file final.cif (mmCIF, C-alpha atoms and all ligand atoms)
data_entry
loop_
_atom_site.label_atom_id
_atom_site.label_comp_id
_atom_site.auth_asym_id
_atom_site.auth_seq_id
_atom_site.Cartn_x
_atom_site.Cartn_y
_atom_site.Cartn_z
CA MET A 1 -1.04 33.95 -18.00
CA LEU A 2 2.31 35.41 -16.92
CA GLN A 3 1.54 34.49 -13.34
CA ARG A 4 0.71 30.94 -14.38
CA SER A 5 3.93 30.46 -16.26
CA LEU A 6 5.93 31.95 -13.35
CA ARG A 7 4.28 29.54 -11.01
CA PHE A 8 5.03 26.64 -13.33
CA ALA A 9 8.67 27.78 -13.70
CA ARG A 10 9.06 27.81 -9.93
CA TYR A 11 8.18 24.14 -9.75
CA MET A 12 10.04 22.99 -12.85
CA ASN A 13 12.18 20.88 -10.58
CA THR A 14 10.47 19.55 -7.53
CA LYS A 15 13.17 19.28 -4.85
CA ILE A 16 13.68 15.96 -3.06
CA LEU A 17 15.19 16.48 0.40
CA LYS A 18 16.54 13.43 2.27
CA VAL A 19 15.56 13.21 5.92
CA ASP A 20 16.51 10.60 8.51
CA PRO A 21 13.53 9.42 10.63
CA ASN A 22 15.90 7.74 13.11
CA SER A 23 17.48 11.10 13.99
CA ILE A 24 14.21 12.49 15.40
CA HIS A 25 13.35 11.73 19.04
CA PHE A 26 10.01 12.37 20.76
CA ASN A 27 9.36 12.07 24.49
CA PRO A 28 6.67 9.47 25.32
CA ASN A 29 4.26 12.15 26.58
CA SER A 30 4.73 14.53 23.67
CA TRP A 31 1.70 13.08 21.85
CA ILE A 32 -0.38 14.73 24.59
CA ASN A 33 1.54 17.86 25.61
CA GLY A 34 3.12 18.76 22.26
CA GLN A 35 6.72 18.93 23.47
CA LEU A 36 8.97 19.38 20.42
CA PRO A 37 11.27 16.50 19.36
CA LYS A 38 15.07 16.51 19.53
CA PHE A 39 17.12 16.09 16.35
CA ASP A 40 20.60 14.64 16.03
CA ASP A 41 21.05 15.25 12.31
CA GLN A 42 21.43 18.87 11.19
CA LEU A 43 20.35 18.24 7.56
CA THR A 44 17.13 16.58 8.71
CA TYR A 45 16.45 19.48 11.08
CA ASP A 46 17.12 22.07 8.34
CA ALA A 47 14.89 20.31 5.80
CA LEU A 48 12.07 19.99 8.32
CA THR A 49 12.27 23.63 9.49
CA ASN A 50 12.22 24.72 5.87
CA ALA A 51 9.21 22.55 5.07
CA ALA A 52 7.44 23.66 8.29
CA ARG A 53 7.88 27.30 7.24
CA VAL A 54 6.28 26.53 3.86
CA ILE A 55 3.27 24.96 5.60
CA ARG A 56 2.87 27.69 8.23
CA ASP A 57 3.62 30.82 6.18
CA THR A 58 2.70 30.12 2.53
CA ASP A 59 -0.03 28.70 0.30
CA ASP A 60 2.36 26.00 -0.96
CA THR A 61 2.31 22.25 -0.38
CA VAL A 62 4.96 19.75 0.75
CA ALA A 63 4.98 15.97 0.24
CA PHE A 64 6.13 13.99 3.26
CA PRO A 65 6.32 10.37 4.45
CA THR A 66 3.90 8.90 6.95
CA GLU A 67 3.90 5.32 8.23
CA THR A 68 1.00 4.53 5.86
CA VAL A 69 1.67 6.29 2.52
CA TYR A 70 3.26 9.59 1.46
CA GLY A 71 0.98 12.59 1.99
CA LEU A 72 0.70 15.91 0.16
CA GLY A 73 0.36 18.49 2.93
CA GLY A 74 -0.80 22.06 3.27
CA SER A 75 -2.32 24.03 6.15
CA SER A 76 -5.83 22.74 6.99
CA LEU A 77 -6.66 26.31 7.99
CA ASN A 78 -5.73 27.98 4.69
CA ASP A 79 -8.15 27.91 1.71
CA ASN A 80 -5.38 28.61 -0.81
CA ALA A 81 -3.10 25.86 0.47
CA VAL A 82 -5.92 23.30 0.45
CA GLY A 83 -6.95 24.50 -3.01
CA ASN A 84 -3.37 23.89 -4.17
CA ILE A 85 -3.50 20.31 -2.84
CA TYR A 86 -6.63 19.55 -4.89
CA LYS A 87 -5.03 21.23 -7.93
CA ALA A 88 -1.69 19.38 -7.77
CA LYS A 89 -3.44 16.00 -7.44
CA ASN A 90 -6.27 16.88 -9.80
CA ARG A 91 -8.58 15.62 -7.03
CA PRO A 92 -12.34 16.20 -7.13
CA ASN A 93 -12.99 18.89 -4.51
CA ASP A 94 -16.01 17.21 -2.95
CA ASN A 95 -13.78 14.62 -1.26
CA PRO A 96 -12.77 15.92 2.22
CA LEU A 97 -9.23 15.73 3.59
CA ILE A 98 -7.81 14.35 6.82
CA SER A 99 -6.23 16.92 9.16
CA HIS A 100 -2.97 15.63 10.66
CA ILE A 101 -1.96 16.73 14.15
CA SER A 102 1.18 16.09 16.19
CA SER A 103 -0.36 16.25 19.69
CA ILE A 104 -3.62 16.53 21.60
CA ASP A 105 -2.44 19.94 22.83
CA GLN A 106 -2.16 21.11 19.22
CA LEU A 107 -5.63 19.73 18.37
CA ASN A 108 -7.13 21.58 21.35
CA ARG A 109 -5.44 24.90 20.60
CA THR A 110 -5.47 25.07 16.82
CA ILE A 111 -8.80 23.43 15.93
CA PHE A 112 -10.92 23.76 19.10
CA ASN A 113 -9.49 27.18 20.05
CA ASP A 114 -9.14 25.76 23.60
CA HIS A 115 -6.04 27.10 25.38
CA ARG A 116 -6.60 25.59 28.84
CA GLY A 117 -3.51 23.38 28.63
CA CYS A 118 -3.13 19.63 28.94
CA GLU A 119 -2.63 19.12 32.70
CA VAL A 120 -6.33 18.39 33.33
CA ASP A 121 -8.47 16.17 31.08
CA PRO A 122 -6.50 16.61 27.84
CA LEU A 123 -9.01 14.52 25.82
CA ARG A 124 -11.94 16.80 26.79
CA ASN A 125 -12.71 17.78 23.16
CA ILE A 126 -12.89 14.17 21.96
CA PRO A 127 -15.99 11.96 22.62
CA THR A 128 -15.24 9.22 25.18
CA ILE A 129 -16.02 6.41 22.70
CA TYR A 130 -12.70 7.19 21.02
CA HIS A 131 -10.56 7.34 24.20
CA PRO A 132 -9.54 3.65 24.46
CA LEU A 133 -8.61 3.60 20.76
CA ILE A 134 -6.67 6.85 20.89
CA LYS A 135 -4.80 5.92 24.07
CA LYS A 136 -3.65 2.66 22.50
CA LEU A 137 -3.31 3.55 18.83
CA TRP A 138 -2.20 7.19 18.54
CA PRO A 139 0.22 8.12 17.14
CA GLY A 140 -0.66 5.60 14.41
CA PRO A 141 -2.75 4.78 11.33
CA LEU A 142 -6.15 5.56 12.89
CA THR A 143 -8.37 8.40 11.61
CA ILE A 144 -11.41 9.47 13.61
CA LEU A 145 -14.32 11.77 12.79
CA LEU A 146 -15.07 14.68 15.13
CA LYS A 147 -17.77 17.37 15.01
CA VAL A 148 -16.56 20.62 13.48
CA PRO A 149 -16.63 23.08 16.43
CA PRO A 150 -18.57 26.37 16.22
CA ASN A 151 -16.42 29.14 14.63
CA SER A 152 -13.99 26.49 13.44
CA PRO A 153 -10.77 27.80 11.86
CA LEU A 154 -10.68 24.78 9.48
CA SER A 155 -10.88 25.72 5.82
CA LYS A 156 -14.24 24.73 4.33
CA LEU A 157 -12.25 23.15 1.52
CA THR A 158 -10.69 20.74 4.05
CA THR A 159 -14.05 19.53 5.34
CA VAL A 160 -16.03 20.16 2.14
CA ASP A 161 -18.35 22.02 4.48
CA GLN A 162 -19.47 18.82 6.24
CA PRO A 163 -20.48 18.91 9.94
CA THR A 164 -17.62 16.51 10.75
CA PHE A 165 -13.88 16.56 10.13
CA ALA A 166 -11.39 13.69 9.94
CA VAL A 167 -8.25 13.81 12.10
CA ARG A 168 -5.25 11.59 12.71
CA MET A 169 -1.89 11.70 14.49
CA PRO A 170 0.68 9.91 12.30
CA ALA A 171 3.40 7.80 13.93
CA ASP A 172 6.16 8.49 11.40
CA PRO A 173 8.69 10.80 13.14
CA VAL A 174 9.18 12.90 9.98
CA ALA A 175 5.44 13.55 9.65
CA ARG A 176 5.04 14.29 13.35
CA ALA A 177 8.06 16.60 13.43
CA LEU A 178 6.82 18.52 10.40
CA ILE A 179 3.39 19.04 11.99
CA ALA A 180 4.93 19.93 15.37
CA LEU A 181 7.44 22.44 13.94
CA SER A 182 4.79 24.15 11.79
CA ASP A 183 2.36 24.09 14.74
CA THR A 184 -0.38 23.81 12.11
CA PRO A 185 -2.91 21.02 11.44
CA ILE A 186 -1.88 19.66 8.05
CA ALA A 187 -4.45 18.55 5.47
CA ALA A 188 -2.87 15.66 3.61
CA PRO A 189 -4.35 13.24 1.12
CA SER A 190 -2.09 10.59 -0.35
CA ALA A 191 0.52 12.30 -2.56
CA ASN A 192 -0.40 10.56 -5.84
CA ALA A 193 -2.12 12.00 -8.89
CA SER A 194 -5.82 11.36 -8.38
CA THR A 195 -6.91 7.82 -9.49
CA ARG A 196 -3.32 6.42 -9.34
CA PRO A 197 -2.06 3.92 -6.71
CA SER A 198 -1.01 5.66 -3.49
CA PRO A 199 2.72 6.43 -3.16
CA THR A 200 4.89 4.54 -0.68
CA THR A 201 8.25 6.07 -1.71
CA ALA A 202 9.45 9.59 -2.54
CA GLN A 203 10.10 8.35 -6.11
CA HIS A 204 6.41 7.45 -6.54
CA VAL A 205 5.47 11.00 -5.51
CA TRP A 206 8.04 12.44 -7.91
CA HIS A 207 6.70 10.29 -10.75
CA ASP A 208 3.17 11.69 -10.31
CA LEU A 209 3.74 15.26 -9.08
CA ASN A 210 7.12 16.47 -10.36
CA GLY A 211 6.71 20.08 -11.50
CA LYS A 212 3.44 20.46 -9.60
CA ILE A 213 4.73 20.82 -6.02
CA SER A 214 7.74 22.56 -4.49
CA MET A 215 9.32 19.81 -2.39
CA ILE A 216 9.27 16.17 -1.30
CA LEU A 217 10.75 15.06 2.03
CA ASP A 218 12.29 11.62 1.41
CA GLY A 219 12.26 9.53 4.59
CA GLY A 220 12.47 6.13 2.83
CA PRO A 221 9.71 3.60 2.08
CA CYS A 222 6.50 3.51 4.16
CA GLU A 223 6.17 0.58 6.54
CA VAL A 224 2.39 0.06 6.58
CA GLY A 225 1.77 0.50 2.85
CA VAL A 226 -1.99 1.25 2.87
CA GLU A 227 -3.76 4.33 4.19
CA SER A 228 -5.10 4.81 7.71
CA THR A 229 -8.26 3.14 8.99
CA VAL A 230 -11.12 5.67 9.12
CA VAL A 231 -13.71 5.14 11.89
CA ASP A 232 -16.86 7.05 12.81
CA GLY A 233 -17.73 6.87 16.52
CA LEU A 234 -20.26 9.71 16.28
CA CYS A 235 -23.01 7.33 15.17
CA ASP A 236 -24.52 4.33 16.96
CA PRO A 237 -23.36 1.66 16.27
CA PRO A 238 -19.93 3.03 15.33
CA LYS A 239 -18.68 2.43 11.82
CA LEU A 240 -15.51 1.53 10.01
CA LEU A 241 -15.62 3.75 6.92
CA ARG A 242 -12.30 2.78 5.32
CA PRO A 243 -10.28 -0.32 6.20
CA GLY A 244 -6.60 0.50 6.51
CA GLY A 245 -3.39 0.12 8.47
CA LEU A 246 -5.21 -1.01 11.65
CA THR A 247 -7.40 -4.04 11.18
CA TYR A 248 -11.11 -4.28 12.03
CA GLU A 249 -10.17 -7.04 14.49
CA MET A 250 -7.83 -4.64 16.33
CA ILE A 251 -10.47 -1.90 16.50
CA VAL A 252 -12.97 -4.37 18.00
CA GLN A 253 -10.40 -5.82 20.41
CA LEU A 254 -8.92 -2.53 21.63
CA GLY A 255 -11.90 -0.17 21.38
CA GLY A 256 -13.96 -1.45 24.32
CA LEU A 257 -17.64 -2.41 24.45
CA PRO A 258 -19.27 -0.04 21.90
CA TRP A 259 -16.83 -1.13 19.20
CA ASN A 260 -17.96 -4.76 19.51
CA ASN A 261 -20.87 -3.75 17.27
CA CYS A 262 -18.70 -1.81 14.82
CA GLN A 263 -20.23 -1.99 11.31
CA VAL A 264 -18.05 -2.21 8.26
CA GLU A 265 -19.36 0.29 5.73
CA THR A 266 -16.86 0.32 2.95
CA ARG A 267 -19.11 -0.42 0.01
CA ALA A 268 -21.67 2.32 -0.64
CA LYS A 269 -25.13 0.80 -1.04
CA LYS A 270 -27.34 1.94 -3.89
CA ASP A 271 -29.47 5.04 -3.16
CA GLU A 272 -27.67 5.64 0.11
CA GLN A 273 -25.81 8.82 0.88
CA VAL A 274 -22.10 8.16 0.56
CA ARG A 275 -20.55 8.62 3.99
CA THR A 276 -16.95 8.52 2.92
CA PRO A 277 -17.13 10.54 -0.28
CA GLY A 278 -13.79 9.10 -1.44
CA MET A 279 -15.48 5.74 -1.97
CA LYS A 280 -17.31 6.75 -5.12
CA TYR A 281 -14.27 7.65 -7.25
CA LYS A 282 -11.95 5.64 -9.47
CA HIS A 283 -9.03 4.81 -7.24
CA TYR A 284 -5.66 3.08 -7.01
CA SER A 285 -5.67 2.39 -10.76
CA PRO A 286 -2.59 1.51 -12.81
CA SER A 287 -2.73 2.26 -16.57
CA ALA A 288 -2.76 -1.49 -17.30
CA ARG A 289 -6.03 -3.41 -16.98
CA VAL A 290 -6.26 -5.15 -13.60
CA VAL A 291 -8.09 -8.42 -12.98
CA LEU A 292 -8.53 -9.59 -9.40
CA LEU A 293 -8.70 -13.30 -8.55
CA ILE A 294 -10.97 -13.84 -5.54
CA PRO A 295 -9.99 -16.85 -3.45
CA GLN A 296 -12.87 -19.25 -2.86
CA LEU A 297 -13.30 -20.87 0.52
CA GLU A 298 -13.40 -24.30 -1.05
CA ASN A 299 -11.64 -24.72 -4.31
CA GLY A 300 -11.00 -28.26 -5.43
CA GLN A 301 -9.32 -27.15 -8.66
CA GLU A 302 -5.57 -27.13 -9.06
CA SER A 303 -4.34 -23.56 -9.06
CA ILE A 304 -2.19 -23.60 -12.22
CA PRO A 305 -4.78 -25.20 -14.56
CA SER A 306 -7.42 -22.76 -13.34
CA LEU A 307 -5.00 -19.84 -13.77
CA LYS A 308 -4.37 -20.96 -17.36
CA LYS A 309 -8.13 -21.04 -18.04
CA ILE A 310 -8.53 -17.53 -16.65
CA LEU A 311 -5.61 -16.32 -18.76
CA GLN A 312 -7.23 -17.69 -21.91
CA LEU A 313 -10.45 -15.86 -21.12
CA GLU A 314 -8.91 -12.60 -19.95
CA ARG A 315 -5.85 -12.15 -22.14
CA GLY A 316 -7.52 -10.05 -24.85
CA ASN A 317 -4.78 -8.23 -26.77
CA ALA A 318 -2.28 -8.25 -23.91
CA ASN A 319 1.33 -9.12 -24.81
CA ARG A 320 2.97 -8.38 -21.49
CA ILE A 321 1.16 -9.79 -18.49
CA ALA A 322 2.10 -9.37 -14.84
CA ILE A 323 0.93 -11.96 -12.35
CA LEU A 324 1.10 -10.78 -8.75
CA THR A 325 1.04 -13.81 -6.49
CA THR A 326 0.18 -14.23 -2.81
CA GLN A 327 -0.66 -17.56 -1.22
CA ARG A 328 -1.84 -20.33 -3.58
CA LEU A 329 0.35 -19.17 -6.46
CA ASP A 330 3.38 -18.54 -4.26
CA SER A 331 5.63 -20.97 -6.12
CA LEU A 332 4.44 -20.05 -9.65
CA LYS A 333 7.17 -19.78 -12.32
CA SER A 334 6.98 -18.47 -15.92
CA SER A 335 7.82 -21.99 -17.13
CA ASP A 336 4.51 -23.20 -15.60
CA LEU A 337 2.70 -21.08 -18.16
CA VAL A 338 4.76 -21.87 -21.28
CA ASP A 339 2.93 -21.52 -24.47
CA LYS A 340 4.78 -22.28 -27.70
CA SER A 341 2.49 -20.32 -30.02
CA PRO A 342 4.18 -17.47 -31.97
CA ASN A 343 2.17 -14.73 -30.28
CA ALA A 344 2.58 -16.10 -26.77
CA PRO A 345 2.54 -13.34 -24.13
CA GLN A 346 5.50 -12.49 -21.94
CA PHE A 347 4.91 -13.10 -18.24
CA ILE A 348 6.31 -11.10 -15.33
CA ILE A 349 5.72 -12.91 -12.08
CA GLN A 350 6.07 -10.95 -8.84
CA SER A 351 5.29 -12.12 -5.33
CA LEU A 352 3.41 -9.67 -3.10
CA GLY A 353 4.37 -11.83 -0.10
CA THR A 354 2.44 -14.55 1.66
CA THR A 355 1.38 -12.90 4.93
CA GLY A 356 -1.25 -10.14 5.15
CA GLN A 357 1.37 -7.76 6.52
CA GLN A 358 3.82 -8.36 3.65
CA ILE A 359 1.13 -8.15 0.98
CA GLN A 360 -0.18 -4.86 2.43
CA THR A 361 3.30 -3.31 2.56
CA ASN A 362 4.22 -4.33 -1.02
CA LEU A 363 0.85 -3.77 -2.69
CA PHE A 364 1.03 -0.24 -4.15
CA ALA A 365 4.77 -0.35 -4.90
CA THR A 366 4.39 -3.60 -6.87
CA LEU A 367 1.35 -2.35 -8.81
CA ARG A 368 3.39 0.73 -9.75
CA ARG A 369 6.52 -1.26 -10.66
CA VAL A 370 4.84 -3.59 -13.16
CA ASP A 371 2.78 -0.72 -14.57
CA GLU A 372 5.37 2.07 -14.79
CA GLU A 373 8.64 0.14 -15.25
CA ASP A 374 7.69 -3.20 -16.83
CA ASN A 375 4.94 -1.53 -18.93
CA VAL A 376 2.64 -4.54 -18.84
CA ASP A 377 -0.83 -4.38 -20.49
CA LEU A 378 -2.58 -6.68 -18.05
CA ILE A 379 -2.10 -7.29 -14.31
CA LEU A 380 -3.62 -10.41 -12.75
CA VAL A 381 -3.57 -10.26 -8.96
CA GLU A 382 -4.16 -13.20 -6.64
CA GLY A 383 -6.40 -11.87 -3.87
CA ILE A 384 -6.59 -13.04 -0.24
CA HIS A 385 -9.37 -13.67 2.29
CA GLU A 386 -10.89 -10.57 3.87
CA ASP A 387 -9.80 -11.10 7.45
CA ASN A 388 -7.16 -8.99 9.22
CA GLN A 389 -5.05 -7.11 6.64
CA GLY A 390 -7.08 -8.86 3.92
CA LEU A 391 -9.97 -6.39 4.30
CA ALA A 392 -7.84 -3.34 3.42
CA VAL A 393 -5.85 -5.21 0.76
CA MET A 394 -8.98 -6.46 -1.05
CA ASN A 395 -10.66 -3.05 -0.73
CA ARG A 396 -7.73 -1.44 -2.61
CA LEU A 397 -7.49 -4.27 -5.14
CA GLU A 398 -11.21 -4.27 -5.98
CA LYS A 399 -10.92 -0.58 -6.77
CA ALA A 400 -7.72 -1.04 -8.77
CA ALA A 401 -9.57 -3.69 -10.79
CA GLY A 402 -12.59 -1.42 -11.26
CA GLY A 403 -14.72 -4.30 -9.95
CA HIS A 404 -13.31 -6.82 -12.50
CA CYS A 405 -13.11 -9.81 -10.14
CA ILE A 406 -13.04 -13.54 -10.96
CA PRO A 407 -13.48 -16.46 -8.54
CA PHE A 408 -10.26 -18.45 -8.18
O1 LIG B 1 -3.05 7.18 5.78
C1 LIG B 1 -3.74 8.13 5.40
O2 LIG B 1 -4.87 8.37 5.87
C2 LIG B 1 -3.12 9.06 4.31
C3 LIG B 1 -1.88 9.69 4.90
C4 LIG B 1 -1.27 10.74 4.00
O3 LIG B 1 -2.12 10.21 6.18
N1 LIG B 1 -4.09 10.03 3.89
C5 LIG B 1 -5.16 9.70 3.13
O4 LIG B 1 -5.96 10.75 2.75
O5 LIG B 1 -5.38 8.58 2.77
P1 LIG B 1 -7.03 10.64 1.59
O6 LIG B 1 -7.48 12.04 1.36
O7 LIG B 1 -6.46 9.93 0.43
O8 LIG B 1 -8.22 9.86 2.23
C6 LIG B 1 -9.07 10.46 3.19
C7 LIG B 1 -10.32 9.63 3.38
C8 LIG B 1 -11.22 9.74 2.15
O9 LIG B 1 -11.79 8.49 1.89
C9 LIG B 1 -12.27 10.76 2.61
O10 LIG B 1 -13.47 10.64 1.91
C10 LIG B 1 -12.40 10.42 4.09
O11 LIG B 1 -11.07 10.12 4.51
N2 LIG B 1 -12.89 11.56 4.88
C11 LIG B 1 -12.28 12.73 5.17
N3 LIG B 1 -13.08 13.54 5.89
C12 LIG B 1 -14.24 12.87 6.10
C13 LIG B 1 -15.47 13.14 6.78
N4 LIG B 1 -15.68 14.30 7.40
N5 LIG B 1 -16.42 12.19 6.77
C14 LIG B 1 -16.24 11.00 6.15
N6 LIG B 1 -15.10 10.69 5.49
C15 LIG B 1 -14.12 11.59 5.46
MG MG B 2 -5.86 8.78 -1.49
#

call {"tool": "encode", "arguments": {"input": "final.cif", "output": "structure tokens"}}
result
Amino acid sequence: MLQRSLRFARYMNTKILKVDPNSIHFNPNSWINGQLPKFDDQLTYDALTNAARVIRDTDDTVAFPTETVYGLGGSSLNDNAVGNIYKAKNRPNDNPLISHISSIDQLNRTIFNDHRGCEVDPLRNIPTIYHPLIKKLWPGPLTILLKVPPNSPLSKLTTVDQPTFAVRMPADPVARALIALSDTPIAAPSANASTRPSPTTAQHVWHDLNGKISMILDGGPCEVGVESTVVDGLCDPPKLLRPGGLTYEMIVQLGGLPWNNCQVETRAKKDEQVRTPGMKYKHYSPSARVVLLIPQLENGQESIPSLKKILQLERGNANRIAILTTQRLDSLKSSDLVDKSPNAPQFIIQSLGTTGQQIQTNLFATLRRVDEEDNVDLILVEGIHEDNQGLAVMNRLEKAAGGHCIPF
């Protein structure tokens, strides 16, 4: 009991440390040979060395920016650290974590226990099917599955004792520098409380995890805005297990011949073993009810009259309603929805953007803003078609809506 309250007291105030990603410089070859970056801002260097020490030498966790979303990191090799990640997030512990590395050299040494250096055949521990993707897309938002090697040092809590582990090399200089300075593979799920939308700013992390973790490195908002794309090249044909920051079209185009047959397996079929365990949980959910409008290929109806009809059906008891617009509703204004009745709802209209890239970047931050700051009771989101960024965007939105989708 005393120990628990001491632990709690230690984290009463989660520290937010500002870091400047532009002050960190990697050599082009460092993603292979692990050469450390150069820093031209002392405060950034100090914060990162501090955080790296926490990862390497303690059981504690550190939240840090990546190009996709903020991650909550701890050593992939340390049961206690990984246990503390699950605890802080309140995450079910049968959902395995991605190990983040800063270089191929580090992957070889710290996970494959292979110390032969990187002069000859540095990718020797990675199946060839992944090579074209890795050479073009790492560092970046691509996660691959590899076989857990015999006598693996990875914590069984990281892999949930599966025969495979997930690994990625993030592009964000803060994330890479943290992993490089700690010289430790870092297990890092998104740094949100389990079931909440993923965090794309340090403030989102603070909102969910203040008091539960020791520190947050604040490197500004994330550029990509959705998590990494998870692919499995260990099976034939290869599979896309989670759409994310790299589109299916890019994987097919850049991956070479075997990836032409890449299967998208993001919706678990009934009675089938779930391959990405994360898929079965409630995810990305604001407190407000979310309704997703699915764009129809051919829709003769005017968008505003059909929106009004949907509002009538879906309003329920909601008094404050957010409408997140994308393409057809781009020019929607509150005055388009005026209703003179005494109990008319209040509308908050926010654009997510009109291109896939913009919508993806703004998605989680906008869901959080209308939920946490505007305190709406109902969020209606205009979906987009499932090509390019649309696949990842609609995957997150369908989960946020708990499957409550309406043709539009
Ligand atoms: O962009 C990202 O990937 C972020 C940042 C922080 O790097 N991380 C992230 O982690 O999204 P997380 O834990 O929220 O999602 C990891 C996903 C889950 O869907 C999990 O089930 C899947 O990867 N995964 C991990 N290991 C796996 C394995 N061995 N086989 C299949 N799926 C795996
Ligand atoms: Mg997550």

call {"tool": "atom_distance", "arguments": {"input": "final.cif", "atom1": "CA of His385 (chain A)", "atom2": "CA of Ile323 (chain A)"}}
result
18.0 Å

call {"tool": "residues_around", "arguments": {"input": "final.cif", "residues": "Ala63 (chain A)", "least_positions_apart": "5", "cutoff": "7 Å", "atoms": "all atoms listed in the file", "output": "PyMOL selection string"}}
result
chain A and resi 70-73+191+215-217

call {"tool": "closest_residue", "arguments": {"input": "final.cif", "among": "A:Asp40, A:Glu227, A:Glu298, A:Asp121", "to": "ligand MG 2 (chain B)", "atoms": "only C-alpha atoms and all ligand atoms"}}
result
A:Glu227

call {"tool": "closest_residue", "arguments": {"input": "final.cif", "among": "A:Gln346, A:Thr354, A:Ser228, A:Gln263", "to": "ligand LIG 1 (chain B)", "atoms": "all atoms listed in the file"}}
result
A:Ser228

call {"tool": "closest_residue", "arguments": {"input": "final.cif", "among": "A:Gly74, A:Pro28, A:Pro237, A:Pro243", "to": "Pro139 (chain A)", "atoms": "all atoms listed in the file"}}
result
A:Pro28

call {"tool": "atom_distance", "arguments": {"input": "final.cif", "atom1": "CA of Asp208 (chain A)", "atom2": "CA of Pro221 (chain A)"}}
result
16.2 Å

call {"tool": "atom_distance", "arguments": {"input": "final.cif", "atom1": "CA of Arg91 (chain A)", "atom2": "CA of Val290 (chain A)"}}
result
21.9 Å

call {"tool": "residues_near_ligand", "arguments": {"input": "final.cif", "ligand": "ligand LIG 1 (chain B)", "cutoff": "7 Å", "atoms": "only C-alpha atoms and all ligand atoms", "output": "ChimeraX atom specification"}}
result
/A:66,68-72,95-98,141,143,145,159,162,164-166,170,188-191,226-230,242,275-279

call {"tool": "residues_around", "arguments": {"input": "final.cif", "residues": "Asp377 (chain A)", "least_positions_apart": "3", "cutoff": "12 Å", "atoms": "all atoms listed in the file", "output": "PDB file with C-alpha atoms, in the coordinates of the input"}}
result
ATOM      1  CA  PRO A 286      -2.590   1.510 -12.810  1.00  0.00           C
ATOM      2  CA  SER A 287      -2.730   2.260 -16.570  1.00  0.00           C
ATOM      3  CA  ALA A 288      -2.760  -1.490 -17.300  1.00  0.00           C
ATOM      4  CA  ARG A 289      -6.030  -3.410 -16.980  1.00  0.00           C
ATOM      5  CA  VAL A 290      -6.260  -5.150 -13.600  1.00  0.00           C
ATOM      6  CA  VAL A 291      -8.090  -8.420 -12.980  1.00  0.00           C
ATOM      7  CA  GLU A 314      -8.910 -12.600 -19.950  1.00  0.00           C
ATOM      8  CA  ARG A 315      -5.850 -12.150 -22.140  1.00  0.00           C
ATOM      9  CA  GLY A 316      -7.520 -10.050 -24.850  1.00  0.00           C
ATOM     10  CA  ASN A 317      -4.780  -8.230 -26.770  1.00  0.00           C
ATOM     11  CA  ALA A 318      -2.280  -8.250 -23.910  1.00  0.00           C
ATOM     12  CA  ASN A 319       1.330  -9.120 -24.810  1.00  0.00           C
ATOM     13  CA  ARG A 320       2.970  -8.380 -21.490  1.00  0.00           C
ATOM     14  CA  ILE A 321       1.160  -9.790 -18.490  1.00  0.00           C
ATOM     15  CA  ALA A 322       2.100  -9.370 -14.840  1.00  0.00           C
ATOM     16  CA  ILE A 323       0.930 -11.960 -12.350  1.00  0.00           C
ATOM     17  CA  PRO A 345       2.540 -13.340 -24.130  1.00  0.00           C
ATOM     18  CA  GLN A 346       5.500 -12.490 -21.940  1.00  0.00           C
ATOM     19  CA  PHE A 347       4.910 -13.100 -18.240  1.00  0.00           C
ATOM     20  CA  ILE A 348       6.310 -11.100 -15.330  1.00  0.00           C
ATOM     21  CA  VAL A 370       4.840  -3.590 -13.160  1.00  0.00           C
ATOM     22  CA  ASP A 371       2.780  -0.720 -14.570  1.00  0.00           C
ATOM     23  CA  GLU A 372       5.370   2.070 -14.790  1.00  0.00           C
ATOM     24  CA  GLU A 373       8.640   0.140 -15.250  1.00  0.00           C
ATOM     25  CA  ASP A 374       7.690  -3.200 -16.830  1.00  0.00           C
ATOM     26  CA  LEU A 380      -3.620 -10.410 -12.750  1.00  0.00           C
TER      27      LEU A 380
END

call {"tool": "residues_around", "arguments": {"input": "final.cif", "residues": "Ser75 (chain A)", "least_positions_apart": "2", "cutoff": "12 Å", "atoms": "all atoms listed in the file", "output": "PyMOL selection string"}}
result
chain A and resi 51-62+72-73+77-85+97-101+110-111+153-155+157-158+178-179+182-188

call {"tool": "closest_residue", "arguments": {"input": "final.cif", "among": "A:Ser351, A:Gln253, A:Ser331, A:Asn90", "to": "ligand MG 2 (chain B)", "atoms": "only C-alpha atoms and all ligand atoms"}}
result
A:Asn90

call {"tool": "closest_residue", "arguments": {"input": "final.cif", "among": "A:Thr195, A:Gly245, A:Gln350, A:Gln389", "to": "ligand MG 2 (chain B)", "atoms": "all atoms listed in the file"}}
result
A:Thr195

call {"tool": "closest_residue", "arguments": {"input": "final.cif", "among": "A:Pro199, A:Pro342, A:Pro295, A:Gly356", "to": "ligand MG 2 (chain B)", "atoms": "all atoms listed in the file"}}
result
A:Pro199

call {"tool": "axis_aligned_box", "arguments": {"input": "final.cif", "around": "region 355-365 of chain A", "padding_each_side": "3 Å", "output": "JSON"}}
result
{"center_x": 1.8, "center_y": -6.6, "center_z": 0.8, "size_x": 12.0, "size_y": 18.7, "size_z": 17.4}
